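Dumped input35.txt below, it's compact mmCIF, N, CA and C atoms and all ligand atoms:
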# COMPACT_ATOMS: atom_id res chain seq x y z
N MET A 166 -15.15 -6.79 2.13
CA MET A 166 -14.09 -7.01 1.14
C MET A 166 -13.91 -8.49 0.89
N SER A 167 -13.59 -8.84 -0.36
CA SER A 167 -13.43 -10.24 -0.69
C SER A 167 -12.33 -10.40 -1.72
N ASP A 168 -11.52 -11.46 -1.57
CA ASP A 168 -10.43 -11.73 -2.52
C ASP A 168 -10.95 -12.16 -3.88
N SER A 169 -12.20 -12.62 -3.93
CA SER A 169 -12.73 -13.08 -5.21
C SER A 169 -13.23 -11.93 -6.07
N LEU A 170 -13.14 -10.73 -5.56
CA LEU A 170 -13.61 -9.56 -6.31
C LEU A 170 -12.43 -8.74 -6.83
N ALA A 171 -12.50 -8.33 -8.09
CA ALA A 171 -11.48 -7.45 -8.66
C ALA A 171 -11.75 -6.00 -8.24
N ILE A 172 -13.01 -5.62 -8.31
CA ILE A 172 -13.40 -4.24 -8.02
C ILE A 172 -14.61 -4.23 -7.10
N GLU A 173 -14.55 -3.40 -6.09
CA GLU A 173 -15.72 -3.16 -5.23
C GLU A 173 -15.84 -1.66 -5.02
N THR A 174 -17.06 -1.19 -5.01
CA THR A 174 -17.28 0.16 -4.50
C THR A 174 -18.31 0.07 -3.39
N HIS A 175 -18.13 0.93 -2.42
CA HIS A 175 -19.02 0.96 -1.27
C HIS A 175 -19.52 2.39 -1.09
N ASP A 176 -20.80 2.58 -1.33
CA ASP A 176 -21.39 3.90 -1.10
C ASP A 176 -20.72 5.00 -1.94
N LEU A 177 -20.16 4.60 -3.08
CA LEU A 177 -19.32 5.54 -3.85
C LEU A 177 -20.17 6.69 -4.42
N THR A 178 -19.74 7.88 -4.09
CA THR A 178 -20.50 9.08 -4.43
C THR A 178 -19.55 10.17 -4.91
N ARG A 179 -19.95 10.84 -6.01
CA ARG A 179 -19.16 11.98 -6.45
C ARG A 179 -20.11 13.07 -6.94
N ALA A 180 -19.95 14.24 -6.37
CA ALA A 180 -20.76 15.38 -6.78
C ALA A 180 -19.86 16.43 -7.41
N PHE A 181 -20.40 17.16 -8.36
CA PHE A 181 -19.76 18.35 -8.92
C PHE A 181 -20.67 19.50 -8.54
N GLY A 182 -20.32 20.23 -7.52
CA GLY A 182 -21.24 21.25 -7.01
C GLY A 182 -22.53 20.57 -6.59
N PRO A 183 -23.66 21.08 -7.05
CA PRO A 183 -24.94 20.49 -6.65
C PRO A 183 -25.29 19.22 -7.44
N ARG A 184 -24.52 18.95 -8.50
CA ARG A 184 -24.85 17.82 -9.38
C ARG A 184 -24.20 16.53 -8.87
N VAL A 185 -25.04 15.56 -8.53
CA VAL A 185 -24.51 14.28 -8.05
C VAL A 185 -24.36 13.36 -9.26
N ALA A 186 -23.10 13.13 -9.66
CA ALA A 186 -22.82 12.35 -10.87
C ALA A 186 -22.87 10.86 -10.58
N VAL A 187 -22.40 10.46 -9.40
CA VAL A 187 -22.42 9.05 -8.97
C VAL A 187 -22.99 9.04 -7.57
N ASP A 188 -24.05 8.24 -7.39
CA ASP A 188 -24.84 8.34 -6.17
C ASP A 188 -24.87 7.01 -5.41
N ARG A 189 -24.02 6.87 -4.45
CA ARG A 189 -23.97 5.71 -3.54
C ARG A 189 -23.88 4.38 -4.32
N LEU A 190 -22.93 4.33 -5.21
CA LEU A 190 -22.78 3.15 -6.08
C LEU A 190 -22.20 1.96 -5.31
N GLU A 191 -22.86 0.81 -5.49
CA GLU A 191 -22.38 -0.46 -4.91
C GLU A 191 -22.06 -1.40 -6.07
N LEU A 192 -20.81 -1.41 -6.48
CA LEU A 192 -20.39 -2.20 -7.64
C LEU A 192 -19.55 -3.38 -7.16
N ARG A 193 -19.80 -4.56 -7.74
CA ARG A 193 -19.00 -5.76 -7.41
C ARG A 193 -18.63 -6.42 -8.72
N VAL A 194 -17.35 -6.42 -9.05
CA VAL A 194 -16.89 -7.08 -10.26
C VAL A 194 -15.98 -8.24 -9.86
N PRO A 195 -16.42 -9.49 -10.06
CA PRO A 195 -15.59 -10.64 -9.71
C PRO A 195 -14.32 -10.69 -10.56
N ARG A 196 -13.28 -11.27 -10.00
CA ARG A 196 -12.05 -11.49 -10.78
C ARG A 196 -12.37 -12.34 -11.99
N GLY A 197 -11.72 -12.03 -13.11
CA GLY A 197 -11.87 -12.83 -14.32
C GLY A 197 -13.12 -12.51 -15.12
N MET A 198 -13.89 -11.57 -14.62
CA MET A 198 -15.16 -11.23 -15.27
C MET A 198 -14.97 -10.10 -16.27
N VAL A 199 -15.62 -10.22 -17.42
CA VAL A 199 -15.67 -9.08 -18.34
C VAL A 199 -16.92 -8.30 -18.00
N TYR A 200 -16.75 -7.03 -17.69
CA TYR A 200 -17.86 -6.24 -17.17
C TYR A 200 -18.12 -5.06 -18.09
N GLY A 201 -19.35 -4.94 -18.57
CA GLY A 201 -19.70 -3.84 -19.46
C GLY A 201 -20.39 -2.72 -18.71
N PHE A 202 -20.22 -1.54 -19.24
CA PHE A 202 -20.74 -0.34 -18.59
C PHE A 202 -21.70 0.35 -19.54
N LEU A 203 -22.97 0.22 -19.31
CA LEU A 203 -23.97 0.80 -20.19
C LEU A 203 -24.79 1.84 -19.43
N GLY A 204 -25.17 2.87 -20.13
CA GLY A 204 -26.05 3.86 -19.51
C GLY A 204 -26.20 5.06 -20.40
N PRO A 205 -27.25 5.81 -20.24
CA PRO A 205 -27.47 6.99 -21.09
C PRO A 205 -26.42 8.07 -20.84
N ASN A 206 -26.35 9.04 -21.75
CA ASN A 206 -25.43 10.16 -21.59
C ASN A 206 -25.65 10.82 -20.25
N GLY A 207 -24.56 11.02 -19.54
CA GLY A 207 -24.64 11.72 -18.26
C GLY A 207 -24.98 10.80 -17.10
N ALA A 208 -25.03 9.48 -17.34
CA ALA A 208 -25.40 8.55 -16.27
C ALA A 208 -24.31 8.44 -15.20
N GLY A 209 -23.07 8.79 -15.57
CA GLY A 209 -21.99 8.72 -14.58
C GLY A 209 -20.95 7.65 -14.87
N LYS A 210 -20.94 7.12 -16.09
CA LYS A 210 -20.00 6.04 -16.44
C LYS A 210 -18.55 6.54 -16.37
N THR A 211 -18.27 7.63 -17.06
CA THR A 211 -16.90 8.14 -17.08
C THR A 211 -16.46 8.57 -15.69
N THR A 212 -17.34 9.20 -14.96
CA THR A 212 -17.00 9.63 -13.59
C THR A 212 -16.66 8.41 -12.73
N THR A 213 -17.43 7.33 -12.88
CA THR A 213 -17.15 6.11 -12.11
C THR A 213 -15.77 5.56 -12.46
N ILE A 214 -15.46 5.50 -13.75
CA ILE A 214 -14.16 4.95 -14.16
C ILE A 214 -13.03 5.84 -13.65
N ARG A 215 -13.22 7.14 -13.69
CA ARG A 215 -12.18 8.04 -13.16
C ARG A 215 -11.99 7.83 -11.66
N LEU A 216 -13.08 7.55 -10.95
CA LEU A 216 -12.98 7.26 -9.52
C LEU A 216 -12.22 5.93 -9.29
N LEU A 217 -12.52 4.93 -10.13
CA LEU A 217 -11.86 3.62 -9.98
C LEU A 217 -10.37 3.71 -10.25
N LEU A 218 -9.97 4.64 -11.12
CA LEU A 218 -8.56 4.81 -11.47
C LEU A 218 -7.85 5.79 -10.53
N GLY A 219 -8.58 6.37 -9.62
CA GLY A 219 -7.96 7.34 -8.71
C GLY A 219 -7.68 8.68 -9.36
N LEU A 220 -8.33 8.94 -10.49
CA LEU A 220 -8.13 10.22 -11.17
C LEU A 220 -9.06 11.30 -10.61
N LEU A 221 -10.05 10.86 -9.87
CA LEU A 221 -10.97 11.77 -9.18
C LEU A 221 -11.13 11.24 -7.76
N ARG A 222 -11.31 12.14 -6.82
CA ARG A 222 -11.58 11.72 -5.44
C ARG A 222 -13.07 11.60 -5.21
N PRO A 223 -13.48 10.57 -4.49
CA PRO A 223 -14.90 10.47 -4.14
C PRO A 223 -15.32 11.62 -3.22
N SER A 224 -16.57 12.03 -3.34
CA SER A 224 -17.15 12.93 -2.34
C SER A 224 -17.45 12.13 -1.08
N ALA A 225 -17.81 10.85 -1.27
CA ALA A 225 -18.07 9.94 -0.16
C ALA A 225 -17.88 8.52 -0.67
N GLY A 226 -17.74 7.60 0.26
CA GLY A 226 -17.62 6.19 -0.10
C GLY A 226 -16.20 5.83 -0.48
N ARG A 227 -16.03 4.58 -0.97
CA ARG A 227 -14.68 4.12 -1.25
C ARG A 227 -14.65 3.07 -2.35
N VAL A 228 -13.40 2.89 -2.83
CA VAL A 228 -13.11 1.93 -3.89
C VAL A 228 -12.14 0.90 -3.32
N VAL A 229 -12.38 -0.38 -3.64
CA VAL A 229 -11.47 -1.45 -3.22
C VAL A 229 -11.06 -2.22 -4.47
N ILE A 230 -9.76 -2.35 -4.69
CA ILE A 230 -9.23 -3.06 -5.87
C ILE A 230 -8.47 -4.28 -5.38
N HIS A 231 -8.87 -5.45 -5.86
CA HIS A 231 -8.22 -6.71 -5.43
C HIS A 231 -8.11 -6.78 -3.91
N GLY A 232 -9.18 -6.40 -3.24
CA GLY A 232 -9.24 -6.53 -1.79
C GLY A 232 -8.54 -5.43 -1.02
N GLU A 233 -7.91 -4.47 -1.74
CA GLU A 233 -7.19 -3.41 -1.04
C GLU A 233 -7.82 -2.05 -1.32
N PRO A 234 -7.98 -1.27 -0.28
CA PRO A 234 -8.55 0.07 -0.47
C PRO A 234 -7.70 0.88 -1.45
N LEU A 235 -8.34 1.61 -2.32
CA LEU A 235 -7.62 2.52 -3.22
C LEU A 235 -7.25 3.75 -2.40
N THR A 236 -6.03 3.76 -1.94
CA THR A 236 -5.57 4.84 -1.07
C THR A 236 -5.08 6.00 -1.93
N GLU A 237 -4.80 7.11 -1.29
CA GLU A 237 -4.19 8.25 -1.98
C GLU A 237 -2.88 7.83 -2.65
N LYS A 238 -2.13 7.00 -1.93
CA LYS A 238 -0.83 6.57 -2.44
C LYS A 238 -1.00 5.74 -3.71
N ALA A 239 -1.92 4.78 -3.67
CA ALA A 239 -2.16 3.93 -4.84
C ALA A 239 -2.67 4.78 -5.99
N ALA A 240 -3.51 5.74 -5.68
CA ALA A 240 -4.06 6.61 -6.73
C ALA A 240 -2.95 7.44 -7.37
N ARG A 241 -2.02 7.93 -6.55
CA ARG A 241 -0.90 8.70 -7.10
C ARG A 241 -0.05 7.84 -8.01
N ARG A 242 0.13 6.58 -7.62
CA ARG A 242 0.94 5.67 -8.42
C ARG A 242 0.27 5.45 -9.78
N LEU A 243 -1.04 5.23 -9.77
CA LEU A 243 -1.77 5.05 -11.03
C LEU A 243 -1.66 6.29 -11.89
N LYS A 244 -1.77 7.45 -11.25
CA LYS A 244 -1.68 8.71 -12.00
C LYS A 244 -0.31 8.86 -12.65
N SER A 245 0.76 8.56 -11.89
CA SER A 245 2.09 8.78 -12.45
C SER A 245 2.38 7.76 -13.54
N ARG A 246 1.86 6.54 -13.40
CA ARG A 246 2.02 5.55 -14.48
C ARG A 246 1.35 6.04 -15.74
N ARG A 247 0.18 6.63 -15.52
CA ARG A 247 -0.59 7.10 -16.66
C ARG A 247 0.20 8.19 -17.39
N SER A 248 0.74 9.15 -16.63
CA SER A 248 1.42 10.25 -17.30
C SER A 248 2.76 9.79 -17.90
N ALA A 249 3.32 8.70 -17.34
CA ALA A 249 4.55 8.16 -17.91
C ALA A 249 4.26 7.36 -19.20
N GLY A 250 2.97 7.17 -19.49
CA GLY A 250 2.56 6.48 -20.72
C GLY A 250 2.59 4.98 -20.47
N1 LIG B 301 -15.76 17.81 -14.31
C1 LIG B 301 -17.09 17.93 -14.21
N2 LIG B 301 -17.64 19.07 -13.75
C2 LIG B 301 -18.98 19.22 -13.62
N3 LIG B 301 -19.87 18.25 -13.93
C3 LIG B 301 -19.39 17.11 -14.41
C4 LIG B 301 -17.99 16.88 -14.58
N4 LIG B 301 -17.81 15.62 -15.06
C5 LIG B 301 -19.04 15.10 -15.19
N5 LIG B 301 -19.99 15.99 -14.80
C6 LIG B 301 -21.44 15.73 -14.77
O1 LIG B 301 -21.66 14.49 -14.11
C7 LIG B 301 -22.69 13.74 -14.74
C8 LIG B 301 -22.13 12.40 -15.19
O2 LIG B 301 -21.22 12.61 -16.26
P1 LIG B 301 -20.35 11.45 -16.91
O3 LIG B 301 -19.42 12.12 -17.84
O4 LIG B 301 -19.76 10.59 -15.84
O5 LIG B 301 -21.45 10.61 -17.68
P2 LIG B 301 -21.29 9.46 -18.76
O6 LIG B 301 -22.19 8.34 -18.33
O7 LIG B 301 -19.85 9.15 -18.97
O8 LIG B 301 -21.91 10.14 -20.06
P3 LIG B 301 -21.58 9.90 -21.63
O9 LIG B 301 -22.35 8.69 -22.04
O10 LIG B 301 -22.10 11.14 -22.28
O11 LIG B 301 -20.09 9.74 -21.77
C9 LIG B 301 -23.21 14.61 -15.88
O12 LIG B 301 -24.33 15.32 -15.37
C10 LIG B 301 -22.04 15.56 -16.16
O13 LIG B 301 -22.49 16.78 -16.68
MG MG B 302 -18.57 9.17 -20.64

Hey, can you dump this file as structure tokens for me?
Amino acid sequence: MSDSLAIETHDLTRAFGPRVAVDRLELRVPRGMVYGFLGPNGAGKTTTIRLLLGLLRPSAGRVVIHGEPLTEKAARRLKSRRSAG
């Protein structure tokens, strides 16, 4: 973990049944960086973003935001903010 990173994923994995949508992703986005997400249909872009927002639980691995693990509690907070608009 590093304070200079806005987003980190470690071994981030999400499967839907037998289909592995995100496979051991190691993402590092420095603070202040504009980061683009490119990939073919079905590459796992939306699934990754849902994992980063805590809208989906990883099958394995973890997400770190501003040096802090994205816990269940933080994910619930993001979810309730989202539904509050
Ligand atoms: N809720 C779900 N249930 C089952 N499979 C899913 C679900 N969500 C995504 N998938 C599968 O996971 C894989 C990744 O999908 P995802 O939507 O993350 O891709 P994407 O990169 O956002 O694609 P696109 O460019 O079409 O938006 C695909 O094979 C998709 O069919
Ligand atoms: Mg998508």

Environment of ligand MG 302 (chain B) within 6.5 Å, counting only N, CA and C atoms and all ligand atoms, reported as a PDB file with N, CA and C atoms, keeping the file's coordinate frame:
ATOM      1  N   GLY A 207     -24.560  11.020 -19.540  1.00  0.00           N
ATOM      2  CA  GLY A 207     -24.640  11.720 -18.260  1.00  0.00           C
ATOM      3  C   GLY A 207     -24.980  10.800 -17.100  1.00  0.00           C
ATOM      4  N   GLY A 209     -23.070   8.790 -15.570  1.00  0.00           N
ATOM      5  CA  GLY A 209     -21.990   8.720 -14.580  1.00  0.00           C
ATOM      6  C   GLY A 209     -20.950   7.650 -14.870  1.00  0.00           C
ATOM      7  N   LYS A 210     -20.940   7.120 -16.090  1.00  0.00           N
ATOM      8  CA  LYS A 210     -20.000   6.040 -16.440  1.00  0.00           C
ATOM      9  C   LYS A 210     -18.550   6.540 -16.370  1.00  0.00           C
ATOM     10  N   THR A 211     -18.270   7.630 -17.060  1.00  0.00           N
ATOM     11  CA  THR A 211     -16.900   8.140 -17.080  1.00  0.00           C
ATOM     12  C   THR A 211     -16.460   8.570 -15.690  1.00  0.00           C
ATOM     13  N   THR A 212     -17.340   9.200 -14.960  1.00  0.00           N
ATOM     14  CA  THR A 212     -17.000   9.630 -13.590  1.00  0.00           C
ATOM     15  C   THR A 212     -16.660   8.410 -12.730  1.00  0.00           C
TER      16      THR A 212
END

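Residues of protein or nucleic acid lying within 8 Å of ligand LIG 301 (chain B), counting all atoms listed in the file, are A:Arg179, A:Ala180, A:Phe181, A:Gly182, A:Arg184, A:Val185, A:Ala186, A:Val187, A:Leu203, A:Gly204, A:Pro205, A:Asn206, A:Gly207, A:Ala208, A:Gly209, A:Lys210, A:Thr211, A:Thr212, A:Thr213, A:Ile214, A:Arg215.
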
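Note that CA of Leu220 in chain A and CA of Arg193 in chain A are 19.7 Å apart.
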
Can you pull out every residue within 8 Å of Ile172 in chain A, counting only C-alpha atoms, but drop anything in the same chain fewer than 2 positions away, and send it as a compact mmCIF listing (two decimals) with N, CA and C atoms, in the coordinates of the input?
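Written out: selection_31.txt:
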# COMPACT_ATOMS: atom_id res chain seq x y z
N LEU A 170 -13.14 -10.73 -5.56
CA LEU A 170 -13.61 -9.56 -6.31
C LEU A 170 -12.43 -8.74 -6.83
N THR A 174 -17.06 -1.19 -5.01
CA THR A 174 -17.28 0.16 -4.50
C THR A 174 -18.31 0.07 -3.39
N LEU A 192 -20.81 -1.41 -6.48
CA LEU A 192 -20.39 -2.20 -7.64
C LEU A 192 -19.55 -3.38 -7.16
N ARG A 193 -19.80 -4.56 -7.74
CA ARG A 193 -19.00 -5.76 -7.41
C ARG A 193 -18.63 -6.42 -8.72
N VAL A 194 -17.35 -6.42 -9.05
CA VAL A 194 -16.89 -7.08 -10.26
C VAL A 194 -15.98 -8.24 -9.86
N PRO A 195 -16.42 -9.49 -10.06
CA PRO A 195 -15.59 -10.64 -9.71
C PRO A 195 -14.32 -10.69 -10.56
N ARG A 196 -13.28 -11.27 -10.00
CA ARG A 196 -12.05 -11.49 -10.78
C ARG A 196 -12.37 -12.34 -11.99
N VAL A 228 -13.40 2.89 -2.83
CA VAL A 228 -13.11 1.93 -3.89
C VAL A 228 -12.14 0.90 -3.32
N VAL A 229 -12.38 -0.38 -3.64
CA VAL A 229 -11.47 -1.45 -3.22
C VAL A 229 -11.06 -2.22 -4.47
N ILE A 230 -9.76 -2.35 -4.69
CA ILE A 230 -9.23 -3.06 -5.87
C ILE A 230 -8.47 -4.28 -5.38
N HIS A 231 -8.87 -5.45 -5.86
CA HIS A 231 -8.22 -6.71 -5.43
C HIS A 231 -8.11 -6.78 -3.91
N GLY A 232 -9.18 -6.40 -3.24
CA GLY A 232 -9.24 -6.53 -1.79
C GLY A 232 -8.54 -5.43 -1.02

Practice task
Quick one: pick out all alpha helix (DSSP H) residues within chain A from a backbone DSSP run and write them as a VMD selection string.
Solution key: chain A and resid 210 to 217 237 to 248

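Here atom C of Pro234 in chain A and atom C of Phe202 in chain A stand 22.9 Å from one another.
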
Practice task
Using DSSP on the backbone coordinates, identify the residues of chain A assigned to strand (DSSP E); present them as an MDAnalysis selection string.
Solution key: chainID A and resid 170:181 184:190 193:195 225:230 233:234

Problem - Interatomic distance, CA of Glu173 in chain A to CA of Glu233 in chain A (Å, one decimal) - result: 9.5 Å

How big is the axis-aligned box around the listed atoms of range 195-198 of chain A once 3 Å is added on each side, and where is its centre? Give both in Å to one decimal, as AutoDock Vina command-line options.
--center_x -14.1 --center_y -11.2 --center_z -13.0 --size_x 10.7 --size_y 9.3 --size_z 12.6

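Restricting the calculation to only N, CA and C atoms, the smallest distance between Ala171 in chain A and any of A:Ala225, A:Ala240, A:Arg189, A:Met198 is found for A:Met198.
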